[in-house]
2 protein chains.
Amino acid sequence: MKEIKCVAALASRFGMLPGVGKKTAMRYAYAVIDMSEQEVDAFCAALKEVKSTVRLCAVCGNFTDGEVCELCETRGKKQLCVVAYPKDVTAIEKTGAFDGAYHVLHGTLSPMDNRTPDDLNIKSLLARLDGVDEVIIATNPDVEGEATAVYLARLLKPMGVRVSRIAQGISMGSELEYADAVTLSQALGRRTAL
Amino acid sequence: MKEIKCVAALASRFGMLPGVGKKTAMRYAYAVIDMSEQEVDAFCAALKEVKSTVRLCAVCGNFTDGEVCELCETRGKKQLCVVAYPKDVTAIEKTGAFDGAYHVLHGTLSPMDNRTPDDLNIKSLLARLDGVDEVIIATNPDVEGEATAVYLARLLKPMGVRVSRIAQGISMGSELEYADAVTLSQALGRRTAL
């Protein structure tokens, strides 16, 4: 069966969303047929509003609908948590374990993908170190995240700021039997006194 | 962290799509921020075009962007396959095992949900029986699908048309060990000669 042209076109738009394959995209497109005209209009309005309203916070680089984001306005500036992407801010905020401010790099260093320090939101990090006691680097514990952490530590330490890295080890609730060798050997090497 | 208002609003729109939970909806909404303005405009245009273009085929009730759908225009009318939803047409077409025409009921009988024969696309089915040899009822093998099949069979048989039902039994590639009792007993009861 040849799919209806405009339905296939809509499906290809849905297919641009993260993790949406061909089948799911078609399913979404068919669901739109069942929506009312008002719902489709509201969907479009919501899409356009996000695109026109959301920008990057002038201070930390996180998403915001104002000039400066809510977190920058309300949080103490003694501790800065540096993350790669806005979604990482959301993840850390969900824990409730950090009450300092954030800084979003919008990427990690990757020579393979031609991402150099100039491509990251680092200049504005250096510009806001006044009064900062500690910079906690919370990039992912993968090759690029580690490289970025090492780069930032070398850059920041000479400026007299304490630099730390989130701990790596065995996840809570996981089993040693199934942990990968790198994680397990790091957990041993970085063991803590009881 | 309080989510940005318009991002949360867009996420709730995405949440209306089938199978999209809160987390996925937020992920989609954040992905829209990363799209270009042109992409968002094209997304909206595609949404609106589907809503304004797609209608139900005047003959079979399937989705179409014309007056009569492509399948009704091109297929022989000796065999009619009756399905509950347009997606079922897509599923059967994918098999390539049927070259007749379809009829889409847009639902199944369900006294629980107050869906009576008047709510289904049955009148237009009765109006197109001229020259039809066989009506194959391909509703799902669940309570509502079975009830609908029995209802249609009783309605159609007196009109001199052959009525059949898609076969039920063990799925290809499945294992007897894991088949549910109803399926297995039906497979035994409806065994075929070799």
# chains A, B, ... in the order shown; residues from 1 in each chain; ligands from 1
call {"tool": "residues_around", "arguments": {"residues": "range 156-163 of chain A", "least_positions_apart": "3", "cutoff": "9 Å", "atoms": "only C-alpha atoms", "output": "list in words"}}
result
Leu126, Leu129, Val132, Asp133, Glu134, Val135, Ile136, Ile137, Tyr151, Leu152 and Ala153 of chain A
call {"tool": "write_last_selection", "arguments": {"atoms": "N, CA and C atoms", "output": "short mmCIF file (atom, residue, chain, number, x, y, z; two decimals), in the first residue's frame"}}
result
data_model
loop_
_atom_site.label_atom_id
_atom_site.label_comp_id
_atom_site.auth_asym_id
_atom_site.auth_seq_id
_atom_site.Cartn_x
_atom_site.Cartn_y
_atom_site.Cartn_z
N LEU A 126 35.04 31.05 32.45
CA LEU A 126 36.19 31.76 33.00
C LEU A 126 35.79 33.14 33.49
N LEU A 129 34.23 33.23 37.41
CA LEU A 129 34.91 32.50 38.50
C LEU A 129 35.07 33.33 39.76
N VAL A 132 33.91 32.12 43.26
CA VAL A 132 33.63 30.68 43.19
C VAL A 132 34.70 29.91 43.98
N ASP A 133 34.26 29.03 44.90
CA ASP A 133 35.20 28.24 45.69
C ASP A 133 35.58 26.96 44.96
N GLU A 134 34.56 26.33 44.34
CA GLU A 134 34.79 24.99 43.79
C GLU A 134 34.04 24.82 42.47
N VAL A 135 34.73 24.24 41.51
CA VAL A 135 34.07 23.87 40.26
C VAL A 135 33.99 22.35 40.22
N ILE A 136 32.76 21.82 40.16
CA ILE A 136 32.56 20.36 40.12
C ILE A 136 32.32 19.97 38.67
N ILE A 137 33.17 19.15 38.12
CA ILE A 137 33.01 18.79 36.71
C ILE A 137 32.18 17.51 36.60
N TYR A 151 40.97 18.71 30.70
CA TYR A 151 41.26 20.01 30.08
C TYR A 151 40.85 21.15 31.00
N LEU A 152 39.62 21.07 31.52
CA LEU A 152 39.09 22.14 32.38
C LEU A 152 39.90 22.26 33.67
N ALA A 153 40.28 21.09 34.23
CA ALA A 153 41.04 21.12 35.48
C ALA A 153 42.36 21.85 35.28
#
call {"tool": "interface_residues", "arguments": {"of": "chain A", "to": "chain B", "cutoff": "6 Å", "atoms": "only C-alpha atoms", "output": "PyMOL selection string"}}
result
chain A and resi 1+6-7+10+13+17+28+33+43-44+46+50-51+93
call {"tool": "residues_around", "arguments": {"residues": "Asp118 in chain A", "least_positions_apart": "3", "cutoff": "12 Å", "atoms": "only C-alpha atoms", "output": "tab-separated table (two decimals) with N, CA and C atoms, in the first residue's frame"}}
result
chain	number	residue	atom	x	y	z
A	105	LEU	N	28.25	23.45	29.10
A	105	LEU	CA	29.28	23.58	28.05
A	105	LEU	C	28.70	23.46	26.64
A	106	HIS	N	27.57	22.79	26.52
A	106	HIS	CA	26.97	22.48	25.21
A	106	HIS	C	27.91	21.62	24.36
A	107	GLY	N	28.39	20.55	24.97
A	107	GLY	CA	29.22	19.60	24.24
A	107	GLY	C	30.42	19.18	25.08
A	108	THR	N	31.21	18.30	24.50
A	108	THR	CA	32.45	17.87	25.14
A	108	THR	C	33.54	17.94	24.07
A	109	LEU	N	34.79	17.96	24.53
A	109	LEU	CA	35.91	18.00	23.58
A	109	LEU	C	35.94	16.70	22.80
A	110	SER	N	36.12	16.78	21.50
A	110	SER	CA	36.21	15.59	20.68
A	110	SER	C	36.99	15.88	19.40
A	114	ASN	N	36.00	17.10	15.57
A	114	ASN	CA	36.42	18.48	15.39
A	114	ASN	C	35.81	19.44	16.39
A	115	ARG	N	35.57	18.96	17.64
A	115	ARG	CA	35.05	19.88	18.66
A	115	ARG	C	36.20	20.30	19.56
A	121	ASN	N	31.16	26.27	25.59
A	121	ASN	CA	30.81	27.48	26.34
A	121	ASN	C	31.77	27.65	27.52
A	122	ILE	N	33.06	27.84	27.21
A	122	ILE	CA	34.10	27.88	28.25
A	122	ILE	C	34.47	29.31	28.62
A	123	LYS	N	34.47	30.21	27.64
A	123	LYS	CA	34.86	31.61	27.90
A	123	LYS	C	34.01	32.21	29.00
A	124	SER	N	32.69	31.97	28.93
A	124	SER	CA	31.80	32.57	29.92
A	124	SER	C	31.98	31.90	31.28
call {"tool": "select_by_dssp", "arguments": {"residues": "chain A", "states": "alpha helix (DSSP H)", "output": "JSON, numbers by chain"}}
result
{"A": [5, 6, 7, 8, 9, 10, 11, 12, 13, 14, 22, 23, 24, 25, 26, 27, 28, 29, 30, 31, 32, 33, 34, 37, 38, 39, 40, 41, 42, 43, 44, 45, 46, 47, 48, 49, 50, 51, 52, 53, 70, 71, 72, 73, 74, 86, 87, 88, 89, 90, 91, 92, 93, 94, 95, 123, 124, 125, 126, 143, 144, 145, 146, 147, 148, 149, 150, 151, 152, 153, 154, 155, 156, 181, 182, 183, 184, 185, 186, 187, 188, 189]}
call {"tool": "residues_around", "arguments": {"residues": "Gly169 in chain A", "least_positions_apart": "3", "cutoff": "10 Å", "atoms": "only C-alpha atoms", "output": "compact mmCIF listing (two decimals) with N, CA and C atoms, in the first residue's frame"}}
result
# COMPACT_ATOMS: atom_id res chain seq x y z
N MET A 172 24.71 2.22 42.59
CA MET A 172 23.87 1.68 43.66
C MET A 172 22.91 0.66 43.05
N ALA A 179 29.14 -5.93 36.57
CA ALA A 179 29.82 -4.66 36.32
C ALA A 179 30.91 -4.87 35.27
N VAL A 182 36.27 -2.10 33.56
CA VAL A 182 36.82 -0.77 33.81
C VAL A 182 36.19 -0.17 35.06
N THR A 183 34.84 -0.24 35.13
CA THR A 183 34.14 0.31 36.28
C THR A 183 34.61 -0.37 37.56
N LEU A 184 34.73 -1.69 37.50
CA LEU A 184 35.10 -2.45 38.69
C LEU A 184 36.52 -2.11 39.14
N SER A 185 37.43 -2.00 38.18
CA SER A 185 38.81 -1.70 38.58
C SER A 185 38.91 -0.27 39.11
N GLN A 186 38.09 0.64 38.58
CA GLN A 186 38.10 2.01 39.12
C GLN A 186 37.51 2.04 40.51
N ALA A 187 36.47 1.21 40.73
CA ALA A 187 35.85 1.17 42.05
C ALA A 187 36.84 0.66 43.10
N LEU A 188 37.69 -0.28 42.69
CA LEU A 188 38.72 -0.80 43.59
C LEU A 188 39.78 0.27 43.84
N GLY A 189 40.26 0.86 42.77
CA GLY A 189 41.32 1.86 42.87
C GLY A 189 40.90 3.08 43.68
N ARG A 190 39.63 3.45 43.56
CA ARG A 190 39.16 4.65 44.26
C ARG A 190 38.39 4.31 45.53
N ARG A 191 38.72 3.17 46.14
CA ARG A 191 38.01 2.74 47.34
C ARG A 191 38.13 3.80 48.44
call {"tool": "residues_around", "arguments": {"residues": "Tyr102 in chain A", "least_positions_apart": "4", "cutoff": "8 Å", "atoms": "only C-alpha atoms", "output": "tab-separated table (two decimals) with all heavy atoms, in the first residue's frame"}}
result
chain	number	residue	atom	x	y	z
A	60	CYS	N	24.89	31.07	32.37
A	60	CYS	CA	25.35	29.68	32.48
A	60	CYS	C	25.18	28.86	31.19
A	60	CYS	O	25.73	27.77	31.08
A	60	CYS	CB	24.62	28.97	33.62
A	60	CYS	SG	22.91	28.55	33.25
A	71	LEU	N	17.78	29.26	37.78
A	71	LEU	CA	18.80	28.69	38.66
A	71	LEU	C	19.90	29.71	38.92
A	71	LEU	O	20.40	29.82	40.04
A	71	LEU	CB	19.37	27.41	38.04
A	71	LEU	CG	18.41	26.22	38.05
A	71	LEU	CD1	18.94	25.10	37.18
A	71	LEU	CD2	18.19	25.74	39.47
A	72	CYS	N	20.30	30.45	37.89
A	72	CYS	CA	21.35	31.45	38.06
A	72	CYS	C	20.86	32.58	38.98
A	72	CYS	O	21.64	33.15	39.75
A	72	CYS	CB	21.75	32.05	36.71
A	72	CYS	SG	22.91	30.99	35.84
A	80	LEU	N	30.11	25.75	41.48
A	80	LEU	CA	29.61	25.69	40.11
A	80	LEU	C	29.70	24.25	39.63
A	80	LEU	O	30.76	23.62	39.75
A	80	LEU	CB	30.46	26.55	39.17
A	80	LEU	CG	30.24	28.05	39.14
A	80	LEU	CD1	31.03	28.64	37.96
A	80	LEU	CD2	28.76	28.38	38.99
A	81	CYS	N	28.61	23.72	39.10
A	81	CYS	CA	28.63	22.37	38.55
A	81	CYS	C	28.65	22.47	37.03
A	81	CYS	O	27.72	23.00	36.42
A	81	CYS	CB	27.40	21.59	39.03
A	81	CYS	SG	27.39	19.91	38.43
A	82	VAL	N	29.73	21.97	36.42
A	82	VAL	CA	29.88	22.08	34.97
A	82	VAL	C	29.36	20.81	34.30
A	82	VAL	O	29.81	19.70	34.62
A	82	VAL	CB	31.36	22.29	34.59
A	82	VAL	CG1	31.53	22.30	33.09
A	82	VAL	CG2	31.88	23.59	35.20
A	83	VAL	N	28.40	20.95	33.41
A	83	VAL	CA	27.83	19.79	32.70
A	83	VAL	C	27.93	20.00	31.20
A	83	VAL	O	28.17	21.12	30.73
A	83	VAL	CB	26.35	19.56	33.08
A	83	VAL	CG1	26.21	19.22	34.56
A	83	VAL	CG2	25.50	20.77	32.74
A	89	VAL	N	21.65	19.05	33.61
A	89	VAL	CA	21.19	19.90	34.71
A	89	VAL	C	19.91	19.31	35.29
A	89	VAL	O	19.77	19.17	36.51
A	89	VAL	CB	20.92	21.34	34.22
A	89	VAL	CG1	20.29	22.18	35.33
A	89	VAL	CG2	22.20	21.99	33.73
call {"tool": "atom_distance", "arguments": {"atom1": "CA of Val143 in chain A", "atom2": "CA of Ala58 in chain A"}}
result
28.6 Å
call {"tool": "select_by_dssp", "arguments": {"residues": "range 25-176 of chain A", "states": "strand (DSSP E)", "output": "ChimeraX atom specification"}}
result
/A:55-56,63-64,79-83,101-104,134-137,162-165
call {"tool": "atom_distance", "arguments": {"atom1": "CA of Ser174 in chain B", "atom2": "CA of Thr148 in chain B"}}
result
27.0 Å
